[in-house]
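Have a look at protein-v2.cif below; it lists mmCIF, C-alpha atoms.
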data_final
loop_
_atom_site.label_atom_id
_atom_site.label_comp_id
_atom_site.auth_asym_id
_atom_site.auth_seq_id
_atom_site.Cartn_x
_atom_site.Cartn_y
_atom_site.Cartn_z
CA MET V 1 -33.66 45.81 23.13
CA SER V 2 -33.23 45.01 26.76
CA ALA V 3 -36.16 42.58 26.66
CA LEU V 4 -34.53 40.75 23.76
CA LEU V 5 -31.25 40.65 25.60
CA LEU V 6 -33.01 39.37 28.67
CA ALA V 7 -34.64 36.63 26.69
CA ALA V 8 -31.32 35.69 25.12
CA ALA V 9 -29.69 35.73 28.51
CA ALA V 10 -32.37 33.52 29.95
CA GLU V 11 -31.89 31.12 27.09
CA GLU V 12 -28.15 31.11 27.58
CA GLU V 13 -28.67 30.50 31.24
CA GLU V 14 -30.71 27.43 30.40
CA HIS V 15 -28.41 26.12 27.72
CA ASN V 16 -26.00 23.46 28.82
CA PRO V 17 -24.04 22.18 25.83
CA LEU V 18 -23.57 18.81 27.49
CA ILE V 19 -27.28 18.05 27.55
CA PRO V 20 -28.15 16.54 24.20
CA GLU V 21 -31.54 17.28 22.72
CA TRP V 22 -33.21 14.01 21.90
CA PRO V 23 -34.80 15.07 18.61
CA GLU V 24 -31.30 15.86 17.37
CA ILE V 25 -30.13 12.42 18.43
CA VAL V 26 -33.00 10.92 16.44
CA LEU V 27 -32.20 13.13 13.48
CA ALA V 28 -28.55 12.09 13.53
CA LEU V 29 -29.53 8.42 13.81
CA VAL V 30 -31.91 8.67 10.90
CA VAL V 31 -29.50 10.59 8.69
CA LEU V 32 -26.59 8.28 9.50
CA GLY V 33 -28.84 5.27 8.99
CA ILE V 34 -29.90 6.42 5.55
CA LEU V 35 -26.32 7.26 4.62
CA PHE V 36 -25.23 3.83 5.84
CA LEU V 37 -27.90 2.04 3.81
CA LEU V 38 -27.05 3.98 0.66
CA VAL V 39 -23.32 3.44 1.11
CA ARG V 40 -23.84 -0.26 1.74
CA LYS V 41 -26.17 -0.67 -1.22
CA PHE V 42 -24.43 1.42 -3.87
CA VAL V 43 -20.97 2.59 -2.89
CA VAL V 44 -19.16 -0.28 -1.18
CA PRO V 45 -20.23 -2.92 -3.74
CA ALA V 46 -19.10 -0.64 -6.57
CA PHE V 47 -15.66 -0.15 -5.04
CA GLU V 48 -15.39 -3.84 -4.19
CA LYS V 49 -16.42 -4.75 -7.73
CA ALA V 50 -13.65 -2.58 -9.13
CA TYR V 51 -11.20 -4.20 -6.73
CA ALA V 52 -12.35 -7.69 -7.57
CA GLU V 53 -12.19 -7.01 -11.30
CA ARG V 54 -8.74 -5.55 -10.95
CA THR V 55 -7.58 -8.54 -8.94
CA ALA V 56 -9.14 -10.86 -11.49
CA ALA V 57 -7.50 -8.99 -14.34
CA ILE V 58 -4.09 -9.20 -12.72
CA GLU V 59 -4.51 -12.82 -11.69
CA GLY V 60 -5.95 -13.63 -15.11
CA GLY V 61 -2.91 -12.08 -16.73
CA ILE V 62 -0.60 -14.12 -14.55
CA GLU V 63 -2.66 -17.24 -15.21
CA ASP V 64 -2.57 -16.62 -18.96
CA ALA V 65 1.17 -16.19 -18.85
CA GLN V 66 1.53 -19.36 -16.83
CA GLN V 67 -0.74 -21.17 -19.25
CA ALA V 68 1.29 -19.94 -22.21
CA GLN V 69 4.50 -20.99 -20.54
CA LYS V 70 3.06 -24.40 -19.78
CA GLU V 71 1.93 -24.78 -23.38
CA ALA V 72 5.34 -23.74 -24.66
CA GLN V 73 6.97 -26.21 -22.29
CA ALA V 74 4.63 -28.96 -23.50
CA ALA V 75 5.36 -28.16 -27.14
CA LEU V 76 9.07 -28.19 -26.46
CA GLU V 77 8.81 -31.53 -24.73
CA LYS V 78 6.72 -32.89 -27.57
CA TYR V 79 9.22 -31.75 -30.18
CA THR V 80 12.13 -33.05 -28.17
CA ALA V 81 10.38 -36.39 -27.83
CA GLN V 82 9.60 -36.46 -31.53
CA LEU V 83 13.18 -35.62 -32.39
CA ALA V 84 14.47 -38.37 -30.12
CA GLU V 85 12.01 -40.79 -31.67
CA ALA V 86 13.08 -39.78 -35.16
CA ARG V 87 16.72 -40.24 -34.23
CA HIS V 88 15.96 -43.61 -32.75
CA GLU V 89 14.01 -44.60 -35.83
CA ALA V 90 16.81 -43.48 -38.11
CA ALA V 91 19.29 -45.49 -36.09
CA GLN V 92 16.99 -48.47 -36.27
CA ILE V 93 16.61 -48.11 -40.01
CA ARG V 94 20.36 -47.86 -40.41
CA GLU V 95 20.81 -50.92 -38.31
CA GLU V 96 18.23 -52.85 -40.29
CA ALA V 97 19.80 -51.75 -43.54
CA LYS V 98 23.15 -52.94 -42.31
CA GLU V 99 21.70 -56.25 -41.29
CA GLN V 100 19.84 -56.61 -44.52
CA GLY V 101 22.97 -55.74 -46.46
CA ALA V 102 24.93 -58.36 -44.59
CA GLN V 103 22.21 -60.88 -45.17
CA ILE V 104 22.03 -60.05 -48.84
CA ILE V 105 25.76 -60.52 -49.11
CA VAL V 106 25.53 -63.87 -47.36
CA GLU V 107 22.64 -64.94 -49.55
CA LEU V 108 24.36 -63.82 -52.70
CA ARG V 109 27.50 -65.59 -51.68
CA ALA V 110 25.58 -68.79 -51.04
CA GLN V 111 23.79 -68.38 -54.31
CA ALA V 112 27.01 -67.84 -56.18
CA GLN V 113 28.51 -70.84 -54.47
CA ALA V 114 25.56 -72.97 -55.50
CA GLU V 115 25.72 -71.64 -59.00
CA ALA V 116 29.39 -72.36 -59.21
CA GLU V 117 28.85 -75.85 -57.90
CA ARG V 118 26.05 -76.38 -60.35
CA ILE V 119 28.15 -75.15 -63.24
CA THR V 120 31.04 -77.31 -62.10
CA SER V 121 28.91 -80.40 -61.79
CA THR V 122 27.23 -79.74 -65.14
CA ALA V 123 30.65 -79.39 -66.70
CA HIS V 124 31.75 -82.60 -65.04
CA ALA V 125 28.71 -84.46 -66.29
CA GLN V 126 29.17 -83.08 -69.78
CA VAL V 127 32.82 -83.99 -69.82
CA GLU V 128 31.92 -87.50 -68.58
CA ALA V 129 29.22 -87.85 -71.24
CA GLU V 130 31.50 -86.61 -73.94
CA ARG V 131 34.22 -88.95 -72.78
CA SER V 132 31.97 -91.99 -72.78
CA GLN V 133 30.57 -90.95 -76.17
CA VAL V 134 34.06 -90.53 -77.54
CA LEU V 135 35.00 -93.86 -75.99
CA ALA V 136 32.02 -95.61 -77.61
CA GLN V 137 32.73 -93.99 -80.95
CA LEU V 138 36.35 -94.85 -80.60
CA LYS V 139 35.47 -98.46 -79.79
CA SER V 140 33.48 -98.89 -83.01
CA GLU V 141 35.95 -96.95 -85.09
CA VAL V 142 38.88 -98.84 -83.64
CA GLY V 143 37.04 -102.10 -84.57
CA SER V 144 36.50 -101.15 -88.20
CA LEU V 145 39.94 -99.62 -88.49
CA ALA V 146 41.53 -102.70 -87.02
CA THR V 147 39.48 -104.91 -89.30
CA ASP V 148 40.46 -102.88 -92.32
CA LEU V 149 44.03 -102.90 -91.27
CA ALA V 150 43.99 -106.65 -90.53
CA GLY V 151 42.18 -107.41 -93.82
CA ARG V 152 44.81 -105.50 -95.75
CA ILE V 153 47.58 -107.19 -93.86
CA VAL V 154 46.05 -110.68 -94.18
CA GLY V 155 44.97 -110.07 -97.71
CA GLU V 156 41.70 -111.51 -97.42
CA SER V 157 38.56 -109.74 -96.86
CA LEU V 158 36.98 -110.60 -93.71
CA GLU V 159 33.64 -109.97 -95.14
CA ASP V 160 31.98 -112.59 -93.21
CA GLU V 161 30.11 -110.65 -90.69
CA ALA V 162 30.19 -113.26 -88.02
CA ARG V 163 33.78 -113.85 -88.21
CA GLN V 164 34.61 -110.29 -88.46
CA LYS V 165 32.70 -109.60 -85.33
CA ARG V 166 34.21 -112.47 -83.47
CA THR V 167 37.68 -111.46 -84.46
CA VAL V 168 37.18 -107.91 -83.29
CA GLU V 169 35.71 -108.95 -80.04
CA ARG V 170 38.50 -111.32 -79.40
CA PHE V 171 40.96 -108.60 -80.24
CA ILE V 172 39.36 -106.15 -77.84
CA ALA V 173 39.13 -108.80 -75.18
CA GLU V 174 42.76 -109.40 -75.65
CA LEU V 175 43.47 -105.74 -75.49
CA GLU V 176 41.48 -105.45 -72.29
CA GLY V 177 43.20 -108.55 -70.94
CA SER V 178 46.58 -107.07 -71.67
CA ALA V 179 45.49 -103.78 -70.17
CA ASN V 180 44.59 -105.62 -67.04
CA MET K 1 -23.07 33.87 32.70
CA THR K 2 -25.16 36.13 34.83
CA LEU K 3 -27.59 38.73 33.68
CA ALA K 4 -25.24 41.50 34.70
CA SER K 5 -22.38 40.10 32.73
CA THR K 6 -24.63 39.64 29.72
CA LEU K 7 -25.67 43.28 29.94
CA ALA K 8 -22.05 44.27 30.26
CA ALA K 9 -21.24 42.10 27.28
CA ALA K 10 -23.63 44.12 25.21
CA SER K 11 -21.28 47.05 25.32
CA GLY K 12 -18.03 45.34 26.25
CA PRO K 13 -15.91 42.85 24.32
CA PRO K 14 -17.58 39.80 22.80
CA GLU K 15 -17.63 36.75 25.01
CA PRO K 16 -18.33 33.67 22.90
CA GLY K 17 -19.55 30.85 25.11
CA PRO K 18 -21.98 27.96 25.15
CA GLY K 19 -24.68 30.39 24.08
CA SER K 20 -22.87 30.89 20.79
CA PHE K 21 -23.84 27.35 19.88
CA LEU K 22 -27.51 28.09 20.32
CA LEU K 23 -28.44 29.17 16.86
CA PRO K 24 -31.81 30.69 16.03
CA PRO K 25 -34.19 28.36 14.22
CA ALA K 26 -34.21 28.63 10.45
CA PHE K 27 -37.81 27.43 10.18
CA SER K 28 -40.14 25.25 12.14
CA ILE K 29 -42.06 22.11 11.27
CA GLY K 30 -44.96 21.23 13.56
CA GLY K 31 -43.54 22.91 16.62
CA TRP K 32 -39.98 21.64 16.17
CA GLU K 33 -37.72 24.53 15.35
CA VAL K 34 -35.24 23.41 12.77
CA ASN K 35 -31.87 25.13 13.13
CA LYS K 36 -28.82 25.43 10.92
CA PRO K 37 -26.79 22.48 12.26
CA GLU K 38 -29.73 20.15 11.74
CA ILE K 39 -30.19 21.26 8.15
CA PHE K 40 -26.52 20.92 7.40
CA LEU K 41 -26.27 17.59 9.18
CA THR K 42 -28.96 16.29 6.86
CA LEU K 43 -27.23 17.89 3.90
CA SER K 44 -23.97 16.21 4.88
CA ALA K 45 -25.43 12.80 4.17
CA VAL K 46 -26.50 14.01 0.73
CA ILE K 47 -23.02 15.42 0.07
CA ALA K 48 -21.29 12.30 1.38
CA PHE K 49 -23.39 9.92 -0.67
CA GLY K 50 -23.31 12.14 -3.76
CA LEU K 51 -19.53 12.33 -3.68
CA VAL K 52 -18.72 8.71 -3.05
CA TYR K 53 -21.43 7.48 -5.39
CA ALA K 54 -20.04 9.63 -8.20
CA MET K 55 -16.60 8.21 -7.41
CA ALA K 56 -17.63 4.59 -7.15
CA ARG K 57 -20.36 4.45 -9.79
CA LYS K 58 -18.28 3.34 -12.77
CA SER K 59 -16.21 0.82 -10.80
CA ALA K 60 -13.72 0.67 -13.65
CA VAL K 61 -10.69 -1.60 -13.62
CA VAL K 62 -8.60 1.36 -14.69
CA PRO K 63 -9.93 4.15 -12.48
CA SER K 64 -10.62 7.70 -13.55
CA ARG K 65 -9.18 10.52 -11.45
CA LEU K 66 -12.43 10.80 -9.57
CA GLN K 67 -12.60 7.09 -8.88
CA PHE K 68 -8.95 7.07 -7.90
CA ALA K 69 -9.62 9.80 -5.34
CA GLY K 70 -12.59 7.86 -4.03
CA GLU K 71 -10.54 4.69 -3.79
CA LEU K 72 -7.91 6.57 -1.85
CA VAL K 73 -10.48 7.44 0.83
CA TYR K 74 -12.20 4.07 0.65
CA ASP K 75 -8.86 2.25 0.89
CA PHE K 76 -7.93 4.37 3.87
CA VAL K 77 -11.02 3.22 5.75
CA ARG K 78 -11.23 -0.30 4.35
CA ASN K 79 -7.60 -1.36 4.67
CA GLY K 80 -6.07 1.21 7.00
CA ILE K 81 -8.81 1.19 9.59
CA ALA K 82 -11.15 -1.78 9.16
CA ARG K 83 -8.85 -4.59 8.05
CA ASP K 84 -5.95 -3.67 10.31
CA ASN K 85 -8.10 -3.51 13.41
CA ILE K 86 -10.83 -6.08 12.83
CA GLY K 87 -8.77 -8.67 10.98
CA SER K 88 -8.99 -9.83 7.39
CA LYS K 89 -11.56 -12.50 8.24
CA ASP K 90 -14.46 -10.35 9.44
CA TYR K 91 -13.70 -6.79 8.43
CA ALA K 92 -15.74 -6.69 5.21
CA LYS K 93 -19.01 -6.74 7.11
CA TYR K 94 -18.17 -3.54 8.98
CA VAL K 95 -16.70 -1.54 6.12
CA PRO K 96 -20.00 0.08 5.07
CA TYR K 97 -20.66 1.43 8.57
CA LEU K 98 -17.08 2.55 9.13
CA PHE K 99 -16.95 4.24 5.75
CA SER K 100 -20.30 5.97 6.36
CA VAL K 101 -19.28 7.16 9.80
CA PHE K 102 -15.94 8.42 8.56
CA LEU K 103 -17.52 10.43 5.75
CA PHE K 104 -20.33 11.65 7.97
CA VAL K 105 -18.04 12.91 10.74
CA LEU K 106 -15.48 14.30 8.33
CA ILE K 107 -17.99 16.38 6.40
CA ASN K 108 -19.79 17.60 9.49
CA ASN K 109 -16.48 18.56 11.08
CA PHE K 110 -15.28 20.42 8.02
CA TYR K 111 -18.47 22.46 8.05
CA GLY K 112 -16.62 24.36 10.79
CA VAL K 113 -14.29 25.99 8.28
CA PHE K 114 -16.54 25.89 5.23
CA PRO K 115 -17.41 29.46 4.17
CA GLY K 116 -21.06 30.21 4.69
CA ILE K 117 -21.65 27.30 7.05
CA GLN K 118 -18.82 27.74 9.57
CA PHE K 119 -20.39 25.60 12.21
CA PRO K 120 -19.15 22.11 12.98
CA SER K 121 -22.27 20.02 13.46
CA MET K 122 -20.47 17.76 15.92
CA SER K 123 -20.22 20.63 18.40
CA LYS K 124 -23.88 19.92 19.08
CA PHE K 125 -23.55 17.18 21.66
CA ALA K 126 -26.60 15.26 20.44
CA PHE K 127 -24.91 14.30 17.15
CA PRO K 128 -21.76 12.68 18.54
CA VAL K 129 -23.96 11.02 21.14
CA ALA K 130 -26.02 9.42 18.40
CA LEU K 131 -22.91 8.18 16.60
CA ALA K 132 -21.35 6.84 19.80
CA LEU K 133 -24.61 5.07 20.60
CA VAL K 134 -24.58 3.29 17.24
CA THR K 135 -20.94 2.31 17.64
CA TRP K 136 -21.62 1.06 21.16
CA LEU K 137 -24.52 -1.06 19.93
CA ILE K 138 -22.56 -2.45 17.00
CA TYR K 139 -19.50 -3.60 18.91
CA ASN K 140 -21.48 -5.05 21.77
CA ILE K 141 -23.90 -6.89 19.48
CA ALA K 142 -20.98 -8.15 17.37
CA GLY K 143 -19.24 -9.38 20.51
CA ILE K 144 -22.36 -11.10 21.85
CA ALA K 145 -22.99 -12.72 18.48
CA GLN K 146 -19.43 -13.99 18.49
CA HIS K 147 -19.09 -15.21 22.07
CA GLY K 148 -22.61 -15.39 23.54
CA VAL K 149 -23.76 -13.07 26.33
CA PHE K 150 -21.67 -14.52 29.15
CA GLY K 151 -18.77 -15.39 26.94
CA TYR K 152 -18.73 -11.81 25.73
CA LEU K 153 -18.93 -10.36 29.24
CA LYS K 154 -16.06 -12.58 30.31
CA HIS K 155 -14.16 -11.66 27.17
CA GLN K 156 -14.51 -7.95 27.92
CA THR K 157 -14.06 -7.98 31.68
CA VAL K 158 -11.50 -10.68 32.50
CA PRO K 159 -8.07 -9.65 31.23
CA ALA K 160 -5.83 -12.35 29.82
CA GLY K 161 -3.79 -14.10 32.48
CA ALA K 162 -5.56 -12.53 35.45
CA LYS K 163 -6.39 -15.04 38.19
CA GLY K 164 -7.48 -15.09 41.81
CA PRO K 165 -8.62 -12.24 44.05
CA ILE K 166 -7.28 -9.54 41.73
CA LEU K 167 -10.30 -10.26 39.56
CA ILE K 168 -12.53 -8.70 42.23
CA ALA K 169 -10.93 -5.39 41.44
CA LEU K 170 -10.31 -5.94 37.76
CA VAL K 171 -13.68 -7.15 36.59
CA PRO K 172 -15.69 -4.07 37.64
CA LEU K 173 -12.95 -1.79 36.31
CA GLU K 174 -12.81 -3.55 32.97
CA PHE K 175 -16.57 -3.58 32.73
CA LEU K 176 -16.66 0.13 33.46
CA SER K 177 -13.97 0.99 30.95
CA ASN K 178 -14.98 -1.37 28.15
CA ILE K 179 -18.77 -1.28 28.36
CA ILE K 180 -19.89 1.82 30.24
CA VAL K 181 -17.32 4.55 29.60
CA ARG K 182 -16.49 3.93 25.95
CA PRO K 183 -19.56 5.57 24.38
CA PHE K 184 -19.18 8.62 26.63
CA THR K 185 -15.53 9.15 25.84
CA LEU K 186 -16.24 8.56 22.18
CA ALA K 187 -18.98 11.18 22.11
CA LEU K 188 -17.23 13.63 24.40
CA ARG K 189 -13.94 13.55 22.53
CA LEU K 190 -15.57 14.40 19.24
CA PHE K 191 -17.91 16.95 20.72
CA ALA K 192 -15.30 18.70 22.88
CA THR K 193 -12.70 19.09 20.16
CA MET K 194 -15.23 20.52 17.75
CA PHE K 195 -16.75 22.72 20.41
CA ALA K 196 -13.39 24.08 21.52
CA GLY K 197 -12.18 24.59 17.97
CA HIS K 198 -15.25 26.54 17.02
CA LEU K 199 -15.04 28.57 20.22
CA LEU K 200 -11.41 29.50 19.49
CA ILE K 201 -12.19 30.59 15.95
CA LEU K 202 -15.15 32.60 17.22
CA LEU K 203 -13.02 34.22 19.89
CA PHE K 204 -10.27 35.32 17.55
CA SER K 205 -12.51 36.45 14.72
CA LEU K 206 -15.04 38.30 16.91
CA GLY K 207 -12.16 39.72 18.92
CA ALA K 208 -10.49 40.95 15.74
CA ALA K 209 -13.69 42.60 14.57
CA TYR K 210 -14.27 44.17 17.98
CA LEU K 211 -10.72 45.49 18.28
CA VAL K 212 -10.70 46.94 14.79
CA THR K 213 -14.12 48.63 15.09
CA ASP K 214 -14.32 49.63 18.75
CA TYR K 215 -10.69 50.49 19.34
CA ALA K 216 -9.92 52.04 15.98
CA ASN K 217 -8.82 55.28 17.69
CA SER K 218 -6.41 53.64 20.08
CA ALA K 219 -2.82 52.99 19.01
CA VAL K 220 -2.97 49.24 19.57
CA GLY K 221 -6.54 48.61 18.41
CA ILE K 222 -5.96 47.95 14.73
CA PRO K 223 -2.61 46.04 15.00
CA ALA K 224 -4.03 43.94 17.82
CA GLY K 225 -7.13 43.30 15.76
CA ILE K 226 -5.07 42.23 12.77
CA LEU K 227 -2.92 40.00 14.99
CA SER K 228 -6.05 38.42 16.41
CA PHE K 229 -7.34 37.84 12.90
CA VAL K 230 -4.06 36.23 11.81
CA ILE K 231 -4.06 34.00 14.88
CA GLY K 232 -7.65 33.12 14.04
CA ILE K 233 -6.55 31.94 10.61
CA GLY K 234 -3.75 29.89 12.18
CA VAL K 235 -6.20 28.36 14.61
CA SER K 236 -8.51 27.53 11.69
CA PHE K 237 -5.76 25.50 10.04
CA LEU K 238 -5.00 23.74 13.30
CA ASP K 239 -8.70 23.09 13.63
CA MET K 240 -8.82 21.55 10.16
CA LEU K 241 -6.14 19.08 11.19
CA ILE K 242 -8.14 18.27 14.30
CA MET K 243 -11.33 17.90 12.24
CA PHE K 244 -9.69 15.25 10.12
CA LEU K 245 -8.02 13.59 13.10
CA GLN K 246 -11.26 13.36 15.03
CA ALA K 247 -13.07 11.76 12.10
CA TYR K 248 -10.17 9.30 11.83
CA VAL K 249 -10.04 8.67 15.58
CA PHE K 250 -13.77 8.08 15.84
CA THR K 251 -13.69 5.55 12.97
CA LEU K 252 -10.49 3.95 14.23
CA LEU K 253 -11.86 3.51 17.75
CA THR K 254 -15.08 2.05 16.38
CA ALA K 255 -13.04 -0.47 14.40
CA MET K 256 -10.82 -1.24 17.40
CA TYR K 257 -13.81 -1.77 19.67
CA ILE K 258 -15.35 -4.13 17.13
CA GLY K 259 -12.01 -5.87 16.66
CA THR K 260 -11.47 -6.51 20.37
CA ALA K 261 -15.10 -7.48 20.89
CA ILE K 262 -15.01 -10.25 18.27
CA SER K 263 -11.37 -11.30 18.68
CA ASP K 264 -10.80 -14.95 19.53
CA GLU K 265 -7.67 -14.77 21.61
CA HIS K 266 -7.94 -13.78 25.19
#

Using structure tokens, write down the structure from this file.
Amino acid sequence: MSALLLAAAAEEEEHNPLIPEWPEIVLALVVLGILFLLVRKFVVPAFEKAYAERTAAIEGGIEDAQQAQKEAQAALEKYTAQLAEARHEAAQIREEAKEQGAQIIVELRAQAQAEAERITSTAHAQVEAERSQVLAQLKSEVGSLATDLAGRIVGESLEDEARQKRTVERFIAELEGSAN
Amino acid sequence: MTLASTLAAASGPPEPGPGSFLLPPAFSIGGWEVNKPEIFLTLSAVIAFGLVYAMARKSAVVPSRLQFAGELVYDFVRNGIARDNIGSKDYAKYVPYLFSVFLFVLINNFYGVFPGIQFPSMSKFAFPVALALVTWLIYNIAGIAQHGVFGYLKHQTVPAGAKGPILIALVPLEFLSNIIVRPFTLALRLFATMFAGHLLILLFSLGAAYLVTDYANSAVGIPAGILSFVIGIGVSFLDMLIMFLQAYVFTLLTAMYIGTAISDEH
């Protein structure tokens, strides 16, 4: 008992807690080194991967939302542009229709005018023709009538063609001379 | 402790001291006697990796509870310690080491209150010394890689704005504090807090046992023993806070040393 105590005492006497034992330093270095290598190889990359994926997921979500918003904006702009174009086109069509209408009216008016003129001139020509025809007919009828009348009055038949003709012509010439 | 006092201690009250940290070897391999702290130190790396690997393995976008817990710790080191002190440009490179050191120190510290282990590995001076050595190497190498040997020395020893003869006093002081003393304070701080914490718990728990068994007949023996035990529990909780704080402080200082070593402004 006392020998054991003595040995323990001697050991305690020797032991200074501030003197590190080098094999323990080496042990700690080796253990820490292995832990470090394992942590660096397996643990830190796994945590960082989770972080990166999370960041990517969040950023991706934001990006998607931004993309969607941009697309919606583009669609709206496109539709607005189309609407404006359609309005413009409609206005243009209306304008053209108006113009065309006006033109048609002008054309029709001109056409009607021409037609009227044509009809008028045709009527004039016809009237003129009829008049001259009537005049010619009248001339010959007046001749024979006058001859008949003169024959009855004179009592002799002016059957002699040449005379008859001469007489009539003279009469007409006289008439014309008196008219003048 | 003299021989006489040791003999007296055999019958007198327990006197936990440096000798209490000298644990008998559990087994020996080729002449090297392997003791409990060494076994548990090795085990701590297995525990640390096992835990964080299980937490990180799936790396899901929507984390499970386990992954969420792991991310809480990882975030604490990555953003709270590394990024804030090293800067968002360079911190990523140092996160694996800082995370490893934080887990390693934390688990080895909490061994001090873990039932069945109850021995903080970091109260063996060799372990904090090893960690401080690695930290010292990392921040100095990082600084030299960033500024070159002389640029780095100037960066660490000439304070911003200092000119003229004052430098004669400042340069050796800055060199001492930034290059020489840092690893010692780093190792000592961790070691001493764990050592003292363990000693306090030992004192109150052994004292409680001694008072209750050896002074059971006296009027004050059992109440004093119970009081000692209760104080021991209180001290254990305080010690747990310190265990966490020391793991945090060690990692934080490592990050700060790296941050100042590679910083551009001066």

Identify every residue of chain K that has at least one atom within 7 Å of any atom of chain V, counting only C-alpha atoms, and report the result as a PyMOL selection string.
chain K and resi 1+3+6+18-19+42+45+49+52-53+56-57+59-61+96-97+100+125-127+129-130

Could you work out an axis-aligned bounding box for all listed atoms of stretch 42-45 of chain K, with 5 Å added on each of the six sides, and give its centre and edge lengths in Å to one decimal, as AutoDock Vina command-line options?
--center_x -26.5 --center_y 15.3 --center_z 5.4 --size_x 15.0 --size_y 15.1 --size_z 13.0

With the PyMOL selection byres ((chain K and resi 93) around 12) as the selection, what would be picked from this file? Answer as number ranges by chain, please.
V: 40, 44-45; K: 78, 82-83, 86-92, 94-99, 138, 142, 255, 258-259

Exercise: stretch 115-123 of chain K partners within 9 Å, only C-alpha atoms, chain neighbours under 5 positions left out, as a list in words:
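Surrounding residues, per the criterion: Pro17 of chain V; Phe21, Lys36, Pro37, Glu38, Phe40, Leu41, Val105, Ile107, Asn108, Asn109, Phe110, Pro128, Leu190, Phe191, Ala192, Thr193, Met194, Phe195, Ala196, Gly197, His198 and Met243 of chain K.
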
Return as a short mmCIF file (atom, residue, chain, number, x, y, z; two decimals) with C-alpha atoms, in the coordinates of the input the set of residues that the PyMOL selection byres ((chain K and resi 235) around 12) yields on the displayed structure.
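expr-v8.cif was written with the following content:
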data_model
loop_
_atom_site.label_atom_id
_atom_site.label_comp_id
_atom_site.auth_asym_id
_atom_site.auth_seq_id
_atom_site.Cartn_x
_atom_site.Cartn_y
_atom_site.Cartn_z
CA GLY K 112 -16.62 24.36 10.79
CA VAL K 113 -14.29 25.99 8.28
CA ALA K 196 -13.39 24.08 21.52
CA GLY K 197 -12.18 24.59 17.97
CA HIS K 198 -15.25 26.54 17.02
CA LEU K 199 -15.04 28.57 20.22
CA LEU K 200 -11.41 29.50 19.49
CA ILE K 201 -12.19 30.59 15.95
CA LEU K 202 -15.15 32.60 17.22
CA LEU K 203 -13.02 34.22 19.89
CA PHE K 204 -10.27 35.32 17.55
CA SER K 205 -12.51 36.45 14.72
CA SER K 228 -6.05 38.42 16.41
CA PHE K 229 -7.34 37.84 12.90
CA VAL K 230 -4.06 36.23 11.81
CA ILE K 231 -4.06 34.00 14.88
CA GLY K 232 -7.65 33.12 14.04
CA ILE K 233 -6.55 31.94 10.61
CA GLY K 234 -3.75 29.89 12.18
CA SER K 236 -8.51 27.53 11.69
CA PHE K 237 -5.76 25.50 10.04
CA LEU K 238 -5.00 23.74 13.30
CA ASP K 239 -8.70 23.09 13.63
CA MET K 240 -8.82 21.55 10.16
CA LEU K 241 -6.14 19.08 11.19
CA ILE K 242 -8.14 18.27 14.30
CA MET K 243 -11.33 17.90 12.24
#

Distance of atom CA of K:Val62 from atom CA of K:Gly50, expressed in Å to one decimal place
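Atom CA of K:Val62 lies 21.3 Å from atom CA of K:Gly50.
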
Shortest interatomic distance to K:Leu186 - which of K:Ser64, K:Thr260, K:Thr254, K:Ser20, counting all atoms listed in the file:
K:Thr254

Quick one: everything within 12 Å of V:Thr167, counting only C-alpha atoms, minus sequence neighbours fewer than 2 positions away in the same chain. Send it as a PyMOL selection string.
chain V and resi 143-144+146-148+150-151+158-165+169-174

I'd like the interatomic distance between atom CA of K:Glu174 and atom CA of K:Ile81, to a tenth of an Å.
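Answer for the atom CA of K:Glu174 to atom CA of K:Ile81 separation: 24.2 Å.
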
Rounded to one decimal in Å, what is the spacing between atom CA of K:Asp84 and atom CA of K:Ser263?
12.6 Å
